[in-house]
file work.cif (mmCIF, C-alpha atoms and all ligand atoms)
data_input
#
loop_
_atom_site.label_atom_id
_atom_site.label_comp_id
_atom_site.auth_asym_id
_atom_site.auth_seq_id
_atom_site.Cartn_x
_atom_site.Cartn_y
_atom_site.Cartn_z
CA MET V 1 62.66 123.66 128.47
CA THR V 2 60.09 125.72 126.69
CA GLY V 3 62.23 127.52 124.14
CA ARG V 4 61.24 128.05 120.57
CA PRO V 5 61.90 124.94 118.43
CA PRO V 6 64.90 125.17 116.10
CA PRO V 7 64.50 125.38 112.33
CA GLN V 8 64.29 121.89 110.82
CA LEU V 9 67.40 120.63 109.05
CA ASP V 10 66.33 118.88 105.84
CA VAL V 11 69.14 116.43 105.10
CA ASP V 12 67.36 115.02 102.04
CA ARG V 13 67.16 118.43 100.49
CA LEU V 14 70.88 118.90 101.05
CA ILE V 15 71.60 115.51 99.48
CA ASP V 16 69.29 116.07 96.52
CA ASP V 17 70.63 119.51 95.76
CA ARG V 18 73.14 118.89 92.94
CA ARG V 19 75.07 121.96 93.98
CA THR V 20 76.11 120.17 97.18
CA ARG V 21 79.51 118.70 96.31
CA ILE V 22 81.12 118.07 99.70
CA ILE V 23 79.50 117.12 103.01
CA VAL V 24 81.80 117.06 106.03
CA CYS V 25 80.55 115.17 109.08
CA CYS V 26 82.30 116.42 112.16
CA GLY V 27 81.77 116.26 115.88
CA SER V 28 83.47 114.98 119.00
CA GLY V 29 84.53 111.37 119.61
CA GLY V 30 82.04 108.52 119.38
CA VAL V 31 78.94 110.53 118.44
CA GLY V 32 78.31 108.64 115.20
CA LYS V 33 80.27 110.58 112.55
CA THR V 34 81.33 107.46 110.65
CA THR V 35 77.84 105.97 110.77
CA ILE V 36 76.16 109.18 109.64
CA ALA V 37 78.69 109.76 106.84
CA ALA V 38 78.08 106.23 105.53
CA ALA V 39 74.30 106.59 105.85
CA ILE V 40 74.35 109.89 103.96
CA GLY V 41 76.54 108.38 101.24
CA LEU V 42 74.20 105.43 100.81
CA ARG V 43 71.06 107.52 100.76
CA ALA V 44 72.52 110.00 98.28
CA ALA V 45 73.59 107.14 95.98
CA GLU V 46 70.12 105.63 96.23
CA HIS V 47 68.74 109.03 95.30
CA GLY V 48 70.79 108.91 92.11
CA ARG V 49 74.01 110.68 92.97
CA HIS V 50 77.54 109.47 92.32
CA VAL V 51 79.07 109.44 95.72
CA VAL V 52 82.35 108.66 97.37
CA VAL V 53 82.53 108.31 101.15
CA LEU V 54 85.83 108.86 102.83
CA THR V 55 85.74 107.05 106.17
CA VAL V 56 88.19 107.02 109.03
CA ASP V 57 88.40 103.95 111.22
CA PRO V 58 84.99 102.42 110.57
CA ALA V 59 84.01 99.58 112.88
CA ARG V 60 85.09 96.31 111.31
CA ARG V 61 81.61 94.96 110.58
CA LEU V 62 80.47 98.18 109.01
CA ALA V 63 83.61 98.28 106.87
CA GLN V 64 83.01 94.71 105.74
CA SER V 65 79.43 95.39 104.81
CA MET V 66 80.63 98.21 102.58
CA GLY V 67 83.22 95.96 100.95
CA LEU V 68 86.09 97.73 102.66
CA THR V 69 88.47 94.94 103.43
CA SER V 70 91.83 96.55 102.82
CA LEU V 71 93.38 99.83 103.74
CA ASP V 72 94.68 100.80 100.35
CA ASN V 73 93.44 104.33 99.95
CA THR V 74 91.46 103.44 96.86
CA PRO V 75 87.74 104.10 96.63
CA ARG V 76 85.97 100.76 96.16
CA PRO V 77 82.49 100.32 94.71
CA VAL V 78 79.91 99.37 97.33
CA GLN V 79 77.60 96.58 96.18
CA GLY V 80 73.91 96.41 96.91
CA ILE V 81 72.85 99.97 96.08
CA LYS V 82 69.15 100.14 95.25
CA ALA V 83 67.43 102.88 93.37
CA SER V 84 65.00 104.53 95.75
CA ALA V 85 61.28 104.23 95.02
CA ARG V 86 61.28 107.72 93.64
CA GLN V 87 64.12 106.79 91.29
CA ALA V 88 62.70 103.43 90.31
CA GLY V 89 59.60 105.08 88.92
CA ASN V 90 61.70 107.45 86.85
CA GLU V 91 63.37 105.61 83.99
CA ALA V 92 65.00 108.72 82.64
CA GLU V 93 67.13 109.23 85.71
CA PRO V 94 69.93 106.67 86.06
CA ALA V 95 70.58 105.14 89.48
CA GLY V 96 73.49 106.49 91.40
CA SER V 97 76.63 104.81 92.67
CA LEU V 98 78.54 104.58 95.90
CA HIS V 99 82.26 104.21 96.42
CA ALA V 100 83.85 104.03 99.81
CA MET V 101 87.37 104.16 101.09
CA MET V 102 89.09 103.97 104.42
CA LEU V 103 91.69 106.56 105.07
CA ASP V 104 95.13 105.07 105.45
CA MET V 105 97.14 107.85 106.93
CA LYS V 106 100.59 106.36 106.38
CA ARG V 107 99.83 105.42 102.78
CA THR V 108 98.56 108.91 101.95
CA PHE V 109 101.67 110.42 103.46
CA ASP V 110 103.86 108.09 101.40
CA GLU V 111 101.98 109.03 98.26
CA ILE V 112 102.72 112.69 98.81
CA VAL V 113 106.41 111.99 99.29
CA GLU V 114 106.45 109.86 96.13
CA ALA V 115 104.69 112.60 94.19
CA HIS V 116 107.04 115.33 95.36
CA ALA V 117 110.47 113.77 95.40
CA ASP V 118 112.50 111.90 92.78
CA PRO V 119 112.52 108.13 93.28
CA ASP V 120 115.88 107.94 95.11
CA ARG V 121 114.97 110.71 97.48
CA ALA V 122 111.54 109.25 98.01
CA ALA V 123 113.03 105.88 98.90
CA GLN V 124 115.43 107.58 101.28
CA ILE V 125 112.62 109.45 103.02
CA LEU V 126 110.29 106.47 103.20
CA ALA V 127 112.98 104.36 104.85
CA ASN V 128 113.82 107.03 107.37
CA PRO V 129 112.80 106.08 110.92
CA PHE V 130 111.96 109.66 111.82
CA TYR V 131 109.66 109.88 108.82
CA GLN V 132 108.07 106.58 109.74
CA SER V 133 107.19 107.66 113.22
CA LEU V 134 106.12 111.12 112.09
CA SER V 135 103.82 109.79 109.40
CA SER V 136 102.03 107.43 111.72
CA SER V 137 102.00 109.15 115.05
CA PHE V 138 102.45 112.88 114.88
CA ALA V 139 99.43 114.55 116.41
CA GLY V 140 97.37 115.96 113.61
CA THR V 141 98.61 113.76 110.79
CA GLN V 142 95.29 112.01 110.56
CA GLU V 143 93.40 115.28 110.28
CA TYR V 144 95.92 116.58 107.77
CA MET V 145 95.56 113.42 105.73
CA ALA V 146 91.78 113.52 105.78
CA MET V 147 91.98 117.01 104.27
CA GLU V 148 94.71 115.97 101.86
CA LYS V 149 92.63 113.07 100.62
CA LEU V 150 89.59 115.27 100.29
CA GLY V 151 91.61 117.63 98.07
CA GLN V 152 92.75 114.72 95.92
CA LEU V 153 89.24 113.31 95.52
CA ARG V 154 87.92 116.73 94.58
CA ARG V 155 90.63 117.25 91.97
CA ALA V 156 89.96 113.79 90.53
CA ASP V 157 86.43 115.05 89.82
CA GLU V 158 85.01 111.56 89.36
CA TRP V 159 82.19 111.96 91.87
CA ASP V 160 79.49 114.52 92.14
CA LEU V 161 79.32 114.23 95.93
CA ILE V 162 82.10 113.59 98.43
CA VAL V 163 81.08 112.70 101.97
CA VAL V 164 83.86 113.09 104.51
CA ASP V 165 84.01 111.44 107.89
CA THR V 166 86.47 113.05 110.29
CA PRO V 167 88.99 111.42 112.63
CA PRO V 168 88.06 110.41 116.17
CA SER V 169 89.60 113.35 117.98
CA ARG V 170 88.42 114.57 121.33
CA SER V 171 87.66 117.97 119.93
CA ALA V 172 85.90 118.56 116.64
CA LEU V 173 88.05 121.65 116.15
CA ASP V 174 91.13 119.48 115.65
CA PHE V 175 89.94 118.70 112.18
CA LEU V 176 90.27 122.36 111.23
CA ASP V 177 93.36 123.17 113.27
CA ALA V 178 95.61 120.15 112.95
CA PRO V 179 96.50 120.49 109.24
CA GLN V 180 97.75 124.03 109.68
CA ARG V 181 99.63 123.03 112.80
CA LEU V 182 101.28 120.14 111.01
CA ALA V 183 102.12 122.28 107.99
CA ARG V 184 103.66 124.88 110.28
CA PHE V 185 105.71 122.18 111.92
CA LEU V 186 106.86 120.77 108.61
CA ASP V 187 108.07 124.04 107.23
CA GLY V 188 108.86 125.53 110.60
CA LYS V 189 111.97 127.29 111.81
CA LEU V 190 113.37 124.49 113.90
CA LEU V 191 113.37 122.08 111.02
CA ARG V 192 114.92 124.66 108.72
CA LEU V 193 117.70 125.14 111.20
CA LEU V 194 118.26 121.44 111.45
CA THR V 195 118.68 121.21 107.70
CA ALA V 196 121.25 123.97 107.59
CA PRO V 197 124.31 121.76 108.13
CA ALA V 198 123.22 119.22 105.59
CA LYS V 199 122.47 121.88 103.04
CA VAL V 200 125.40 124.22 102.96
CA GLY V 201 128.14 122.49 104.87
CA GLY V 202 130.38 123.42 107.74
CA ARG V 203 130.64 127.15 107.48
CA ALA V 204 126.93 127.77 107.63
CA TYR V 205 126.83 125.25 110.41
CA LEU V 206 129.39 127.29 112.34
CA ARG V 207 127.43 130.44 111.73
CA ALA V 208 124.32 128.72 112.94
CA LEU V 209 126.29 127.59 115.94
CA ASN V 210 127.12 131.15 116.75
CA ALA V 211 123.50 132.04 116.47
CA GLY V 212 122.82 129.68 119.30
CA PHE V 213 121.85 126.76 117.21
CA GLY V 214 124.59 124.66 118.76
CA VAL V 215 122.82 124.80 122.06
CA VAL V 216 119.73 123.40 120.43
CA THR V 217 121.56 120.59 118.65
CA GLY V 218 123.52 119.91 121.80
CA VAL V 219 120.38 119.46 123.80
CA LEU V 220 118.66 117.53 121.06
CA THR V 221 121.65 115.23 120.69
CA LYS V 222 121.56 114.52 124.38
CA ILE V 223 117.88 113.81 124.36
CA LEU V 224 117.53 112.05 121.06
CA GLY V 225 120.95 110.57 120.48
CA THR V 226 123.13 111.23 117.44
CA GLN V 227 121.53 108.62 115.24
CA VAL V 228 118.04 109.99 115.62
CA LEU V 229 119.25 113.51 115.11
CA ARG V 230 120.98 112.45 111.90
CA ASP V 231 117.72 110.81 110.82
CA VAL V 232 115.87 114.01 111.43
CA GLN V 233 118.43 115.98 109.46
CA THR V 234 118.38 113.66 106.46
CA PHE V 235 114.63 113.53 106.53
CA VAL V 236 114.20 117.24 106.64
CA SER V 237 116.82 118.00 104.04
CA ALA V 238 115.16 115.51 101.74
CA LEU V 239 111.82 117.11 102.48
CA ASP V 240 113.33 120.44 101.65
CA THR V 241 112.22 120.19 98.04
CA MET V 242 108.71 119.94 99.34
CA PHE V 243 108.78 122.86 101.72
CA GLY V 244 105.89 125.13 101.05
CA GLY V 245 104.09 122.18 99.53
CA PHE V 246 102.43 121.05 102.70
CA ARG V 247 101.34 124.51 103.68
CA GLU V 248 100.03 125.21 100.20
CA ARG V 249 98.08 122.00 100.09
CA ALA V 250 96.62 122.54 103.53
CA ASP V 251 95.62 126.04 102.38
CA TYR V 252 94.09 124.72 99.18
CA THR V 253 91.89 122.27 101.05
CA TYR V 254 90.99 124.87 103.63
CA GLN V 255 89.73 127.07 100.82
CA LEU V 256 87.80 124.12 99.42
CA LEU V 257 86.01 123.85 102.74
CA ARG V 258 84.87 127.44 102.42
CA ALA V 259 83.77 127.16 98.82
CA PRO V 260 80.12 127.13 97.80
CA GLY V 261 78.99 123.52 97.47
CA THR V 262 80.54 122.49 100.78
CA ALA V 263 78.28 121.78 103.74
CA PHE V 264 79.31 121.01 107.30
CA LEU V 265 77.10 118.74 109.32
CA VAL V 266 77.88 118.83 112.99
CA VAL V 267 77.00 115.49 114.55
CA ALA V 268 76.35 115.30 118.28
CA ALA V 269 74.74 112.98 120.74
CA PRO V 270 72.09 114.64 122.93
CA GLU V 271 74.58 114.91 125.81
CA GLU V 272 76.16 117.88 127.54
CA ASP V 273 79.75 117.24 126.44
CA ALA V 274 78.97 116.48 122.83
CA LEU V 275 76.74 119.53 122.51
CA ARG V 276 79.31 121.77 124.15
CA GLU V 277 81.82 120.65 121.51
CA ALA V 278 79.18 121.14 118.84
CA SER V 279 78.66 124.67 120.13
CA TYR V 280 82.36 125.51 119.85
CA PHE V 281 82.45 124.08 116.40
CA VAL V 282 79.41 125.98 115.19
CA GLU V 283 80.93 129.22 116.47
CA ARG V 284 84.23 128.46 114.84
CA LEU V 285 82.61 127.72 111.47
CA ASP V 286 80.89 131.04 111.76
CA THR V 287 84.15 132.93 112.36
CA GLU V 288 85.81 131.10 109.50
CA ARG V 289 82.81 131.75 107.28
CA MET V 290 82.50 128.05 106.62
CA PRO V 291 79.10 126.82 105.48
CA LEU V 292 77.22 125.09 108.28
CA ALA V 293 74.24 123.01 107.14
CA GLY V 294 73.11 122.26 110.66
CA LEU V 295 73.24 120.00 113.67
CA LEU V 296 72.42 116.34 113.46
CA LEU V 297 71.37 115.03 116.85
CA ASN V 298 72.17 111.35 116.72
CA ARG V 299 70.90 108.53 118.95
CA VAL V 300 67.88 110.40 120.17
CA GLN V 301 65.72 108.36 122.52
CA GLN V 302 62.32 107.57 121.02
CA VAL V 303 59.29 107.05 123.22
CA PRO V 304 56.16 105.60 121.65
CA ALA V 305 53.59 106.29 124.40
CA VAL V 306 54.29 109.95 125.04
CA HIS V 307 50.95 110.49 126.74
CA LEU V 308 51.99 108.22 129.59
CA SER V 309 54.27 110.31 131.78
CA ALA V 310 57.28 108.90 133.62
CA ALA V 311 55.63 109.72 136.96
CA ARG V 312 52.35 107.96 136.14
CA SER V 313 54.21 105.04 134.69
CA LEU V 314 56.27 104.64 137.86
CA ALA V 315 53.21 105.06 140.05
CA ALA V 316 51.45 102.29 138.16
CA ALA V 317 54.53 100.10 138.52
CA GLU V 318 54.50 100.70 142.27
CA VAL V 319 50.83 99.81 142.60
CA LEU V 320 51.43 96.58 140.71
CA GLN V 321 54.50 95.85 142.77
CA ALA V 322 52.55 96.30 145.99
CA ALA V 323 49.81 94.02 144.74
CA LEU V 324 52.37 91.45 143.73
CA SER V 325 54.11 91.53 147.12
CA GLY V 326 50.71 91.13 148.72
CA ASN V 327 50.07 88.13 146.52
CA THR V 328 53.31 86.37 147.24
CA GLY V 329 52.90 87.15 150.93
CA HIS V 330 49.65 85.15 151.09
CA GLY V 331 49.73 82.82 148.22
CA HIS V 332 52.64 80.78 146.95
CA PRO V 333 55.91 81.68 148.57
CA ALA V 334 59.29 80.44 147.42
CA THR V 335 58.59 77.10 149.05
CA GLY V 336 55.36 76.99 147.04
CA HIS V 337 53.73 73.92 145.64
CA PRO V 338 54.00 73.64 141.92
CA GLY V 339 50.50 72.28 141.59
CA THR V 340 48.65 75.12 143.29
CA GLY V 341 47.55 78.53 142.16
CA HIS V 342 48.33 78.18 138.49
CA SER V 343 46.49 81.26 137.44
CA GLY V 344 48.13 83.19 140.29
CA THR V 345 51.62 82.34 139.01
CA ASP V 346 50.72 83.36 135.48
CA ASP V 347 49.27 86.57 136.79
CA ASP V 348 52.41 87.20 138.79
CA ALA V 349 54.57 86.67 135.75
CA ALA V 350 52.42 89.02 133.72
CA ALA V 351 52.54 91.59 136.51
CA ARG V 352 56.33 91.37 136.71
CA LEU V 353 56.59 91.86 132.97
CA THR V 354 54.28 94.85 133.14
CA ILE V 355 56.28 96.36 135.99
CA ALA V 356 59.48 95.98 133.99
CA ALA V 357 57.83 97.56 130.93
CA LEU V 358 56.48 100.47 132.97
CA GLN V 359 59.87 101.08 134.55
CA LEU V 360 61.59 100.94 131.17
CA HIS V 361 59.06 103.38 129.78
CA ALA V 362 59.62 105.71 132.73
CA ASP V 363 63.41 105.54 132.21
CA ARG V 364 63.02 106.36 128.56
CA MET V 365 60.66 109.24 129.24
CA THR V 366 63.08 110.66 131.80
CA GLN V 367 65.98 110.26 129.40
CA ALA V 368 64.05 111.76 126.51
CA ALA V 369 63.13 114.73 128.70
CA ALA V 370 66.77 115.20 129.71
CA GLU V 371 67.82 115.02 126.06
CA ARG V 372 65.22 117.60 125.09
CA ARG V 373 66.41 119.89 127.85
CA ILE V 374 70.05 119.58 126.77
CA ALA V 375 69.21 120.06 123.10
CA GLY V 376 67.08 123.04 124.11
CA GLY V 377 70.18 124.58 125.68
CA PHE V 378 72.00 124.35 122.37
CA THR V 379 69.11 125.86 120.46
CA ALA V 380 68.77 128.69 122.95
CA ALA V 381 72.41 129.58 122.29
CA HIS V 382 72.16 129.04 118.51
CA PRO V 383 68.54 129.67 117.59
CA LEU V 384 69.24 129.88 113.87
CA VAL V 385 71.07 126.58 113.49
CA PRO V 386 68.81 124.00 111.83
CA VAL V 387 68.52 120.70 113.67
CA ALA V 388 67.52 117.19 112.64
CA GLU V 389 67.20 114.13 114.82
CA VAL V 390 68.30 110.58 114.17
CA PRO V 391 66.61 108.04 116.45
CA ALA V 392 68.66 105.70 118.60
CA GLN V 393 68.52 102.30 116.94
CA ALA V 394 67.93 99.19 118.99
CA GLU V 395 71.41 97.95 118.11
CA ASP V 396 74.68 99.03 116.54
CA VAL V 397 74.60 99.92 112.88
CA HIS V 398 76.73 97.49 110.95
CA ASP V 399 75.18 96.83 107.56
CA LEU V 400 73.54 98.58 104.61
CA GLU V 401 70.09 97.83 105.99
CA GLY V 402 71.01 99.59 109.24
CA LEU V 403 72.43 102.54 107.32
CA ARG V 404 69.28 102.71 105.23
CA ARG V 405 67.18 102.84 108.39
CA ILE V 406 69.25 105.76 109.63
CA GLY V 407 68.80 107.39 106.22
CA GLU V 408 65.02 107.14 106.51
CA SER V 409 65.11 109.65 109.31
CA PHE V 410 66.56 112.16 106.82
CA GLY V 411 63.25 112.14 104.98
CA SER V 412 61.65 115.54 104.72
CA PRO V 413 59.37 116.10 107.70
N1 LIG C 1 71.57 106.21 115.68
C1 LIG C 1 72.28 105.20 116.20
N2 LIG C 1 71.65 104.22 116.89
C2 LIG C 1 72.35 103.20 117.43
N3 LIG C 1 73.68 103.07 117.36
C3 LIG C 1 74.37 104.01 116.70
C4 LIG C 1 73.72 105.13 116.09
N4 LIG C 1 74.67 105.90 115.51
C5 LIG C 1 75.85 105.29 115.76
N5 LIG C 1 75.68 104.17 116.47
C6 LIG C 1 76.72 103.24 116.97
O1 LIG C 1 77.57 103.97 117.83
C7 LIG C 1 78.91 103.54 117.71
C8 LIG C 1 79.81 104.73 117.38
O2 LIG C 1 79.45 105.23 116.11
P1 LIG C 1 80.54 105.79 115.10
O3 LIG C 1 81.69 104.85 114.96
O4 LIG C 1 79.83 106.16 113.85
O5 LIG C 1 81.00 107.09 115.89
P2 LIG C 1 82.19 108.08 115.51
O6 LIG C 1 81.75 109.45 115.87
O7 LIG C 1 82.63 107.84 114.12
O8 LIG C 1 83.29 107.58 116.53
P3 LIG C 1 84.85 107.98 116.49
O9 LIG C 1 84.92 109.38 117.02
O10 LIG C 1 85.48 106.96 117.39
O11 LIG C 1 85.28 107.88 115.07
C9 LIG C 1 78.91 102.47 116.62
O12 LIG C 1 78.89 101.23 117.25
C10 LIG C 1 77.61 102.70 115.88
O13 LIG C 1 77.07 101.52 115.32
MG MG C 2 84.52 107.35 113.35
#

call {"tool": "encode", "arguments": {"input": "work.cif", "output": "structure tokens", "more": "lines below"}}
Ligand SMILES: Nc1ncnc2c1ncn2[C@@H]1O[C@H](COP(=O)(O)OP(=O)(O)OP(=O)(O)O)[C@@H](O)[C@H]1O
Ligand SMILES: [Mg+2]
result
Amino acid sequence: MTGRPPPQLDVDRLIDDRRTRIIVCCGSGGVGKTTIAAAIGLRAAEHGRHVVVLTVDPARRLAQSMGLTSLDNTPRPVQGIKASARQAGNEAEPAGSLHAMMLDMKRTFDEIVEAHADPDRAAQILANPFYQSLSSSFAGTQEYMAMEKLGQLRRADEWDLIVVDTPPSRSALDFLDAPQRLARFLDGKLLRLLTAPAKVGGRAYLRALNAGFGVVTGVLTKILGTQVLRDVQTFVSALDTMFGGFRERADYTYQLLRAPGTAFLVVAAPEEDALREASYFVERLDTERMPLAGLLLNRVQQVPAVHLSAARSLAAAEVLQAALSGNTGHGHPATGHPGTGHSGTDDDAAARLTIAALQLHADRMTQAAAERRIAGGFTAAHPLVPVAEVPAQAEDVHDLEGLRRIGESFGSP
């Protein structure tokens, strides 16, 4: 692909700009959102900012290394933050801090109920089986809660930068769509109808019946059973005091996402599917007038010896292989005598190692070329979107040192 290179995304500049108050890391499943969010949080803190990272489902070892051992919805201080070299030389500027929390969807939901309903009502709702399954399994609750929590953290105003990781949904768009969908469901028509009998008694119920509601309840009763239907009715009538609340809160946070000071980072792996999702997301942010900082291409294959092409590398491997086969043909076959041809055996071993290295290099070159081609496709479609690359690390990222290494690739080019 010979397209024009994309503008460079300078993540450090984004982090160091005090006007940046919220960074949202989004992207499709498994691309590294949680890792990147944590790495950005750490780097920003080590650059002197007071940061809170809101993570969703971090891998256990990563969570442990950040001191996240319980799901209690409370930001916990992360130990082991160092002032960066730049900071260390500057006594006047105090070092930053990092807090991290894991999103506990059910707990956040409970907190909203407790905040909106009087204690008896709250207890009634919390104990309701319908509520319990809704709060932990309804599609979109996790996205709604991530936004809800973001709103709360912003209102608390204790941090000067909030980094948000988004839930592992198939589509990155879910993060934007799910809260509205859930809010619509919660103050939707069906639920209003269901509350009618509980609210105003029999006569309204009869009227509703005439309006065809009876058919609905009839069917629902058959499908769900009377007990469940009663649960739904109690739940919704208790939630009634909160109607409007969910929608309003989802709207508030949505506005927050459009406000100056918010930056979206779309994370993607250099693969077709991930970049297709990233493309949709970038377009959607544009329609919503939400501030896109750029695309972070994560796990990009690095090749040290770029001047050695995959083809030449493979050719060399073949030559060596042929020589080696020739050797073993004449020299010391499998039945060989341990005492003979010492240097030959060593040479063979070295040749085998070299062949493996050449093949590995060729694989990497081929992969890197494929990645460049795929990334080039994205840039051709979105030539103005700034892009930064994060190299693939040799192993999973599970501690502060690993996060720091990722952060180093944010350094200004
Ligand atoms: N640059 C990298 N190099 C090597 N491994 C990485 C890199 N970035 C992420 N990983 C690893 O990839 C795995 C997935 O990363 P992560 O959990 O951050 O993805 P995610 O987008 O949050 O996934 P999900 O959508 O499931 O939440 C983790 O094991 C992580 O350590
Ligand atoms: Mg994740």

call {"tool": "residues_near_ligand", "arguments": {"input": "work.cif", "ligand": "ligand LIG 1 (chain C)", "cutoff": "10 Å", "atoms": "only C-alpha atoms and all ligand atoms", "output": "number ranges by chain"}}
result
V: 25-39, 55-62, 165-172, 267-269, 297-301, 389-399, 402-403, 405-407, 409

call {"tool": "atom_distance", "arguments": {"input": "work.cif", "atom1": "CA of Ala278 in chain V", "atom2": "CA of Phe378 in chain V"}}
result
8.6 Å

call {"tool": "closest_residue", "arguments": {"input": "work.cif", "among": "V:Arg21, V:Ala356, V:His47, V:Gly3", "to": "Gly411 in chain V", "atoms": "all atoms listed in the file"}}
result
V:His47

call {"tool": "closest_residue", "arguments": {"input": "work.cif", "among": "V:Arg284, V:Arg181, V:Arg49, V:Arg76", "to": "Arg19 in chain V", "atoms": "all atoms listed in the file"}}
result
V:Arg49

call {"tool": "residues_around", "arguments": {"input": "work.cif", "residues": "range 314-322 of chain V", "least_positions_apart": "6", "cutoff": "8 Å", "atoms": "only C-alpha atoms", "output": "PyMOL selection string"}}
result
chain V and resi 351-352+354-356+358-359+362

call {"tool": "residues_around", "arguments": {"input": "work.cif", "residues": "Met290 in chain V", "least_positions_apart": "6", "cutoff": "10 Å", "atoms": "all atoms listed in the file", "output": "VMD selection string"}}
result
chain V and resid 254 to 260 262 to 264 282 284

call {"tool": "write_last_selection", "arguments": {"input": "work.cif", "atoms": "C-alpha atoms", "output": "mmCIF file, in the coordinates of the input"}}
result
data_model
loop_
_atom_site.group_PDB
_atom_site.id
_atom_site.type_symbol
_atom_site.label_atom_id
_atom_site.label_comp_id
_atom_site.auth_asym_id
_atom_site.auth_seq_id
_atom_site.Cartn_x
_atom_site.Cartn_y
_atom_site.Cartn_z
ATOM 1 C CA TYR V 254 90.990 124.870 103.630
ATOM 2 C CA GLN V 255 89.730 127.070 100.820
ATOM 3 C CA LEU V 256 87.800 124.120 99.420
ATOM 4 C CA LEU V 257 86.010 123.850 102.740
ATOM 5 C CA ARG V 258 84.870 127.440 102.420
ATOM 6 C CA ALA V 259 83.770 127.160 98.820
ATOM 7 C CA PRO V 260 80.120 127.130 97.800
ATOM 8 C CA THR V 262 80.540 122.490 100.780
ATOM 9 C CA ALA V 263 78.280 121.780 103.740
ATOM 10 C CA PHE V 264 79.310 121.010 107.300
ATOM 11 C CA VAL V 282 79.410 125.980 115.190
ATOM 12 C CA ARG V 284 84.230 128.460 114.840
#
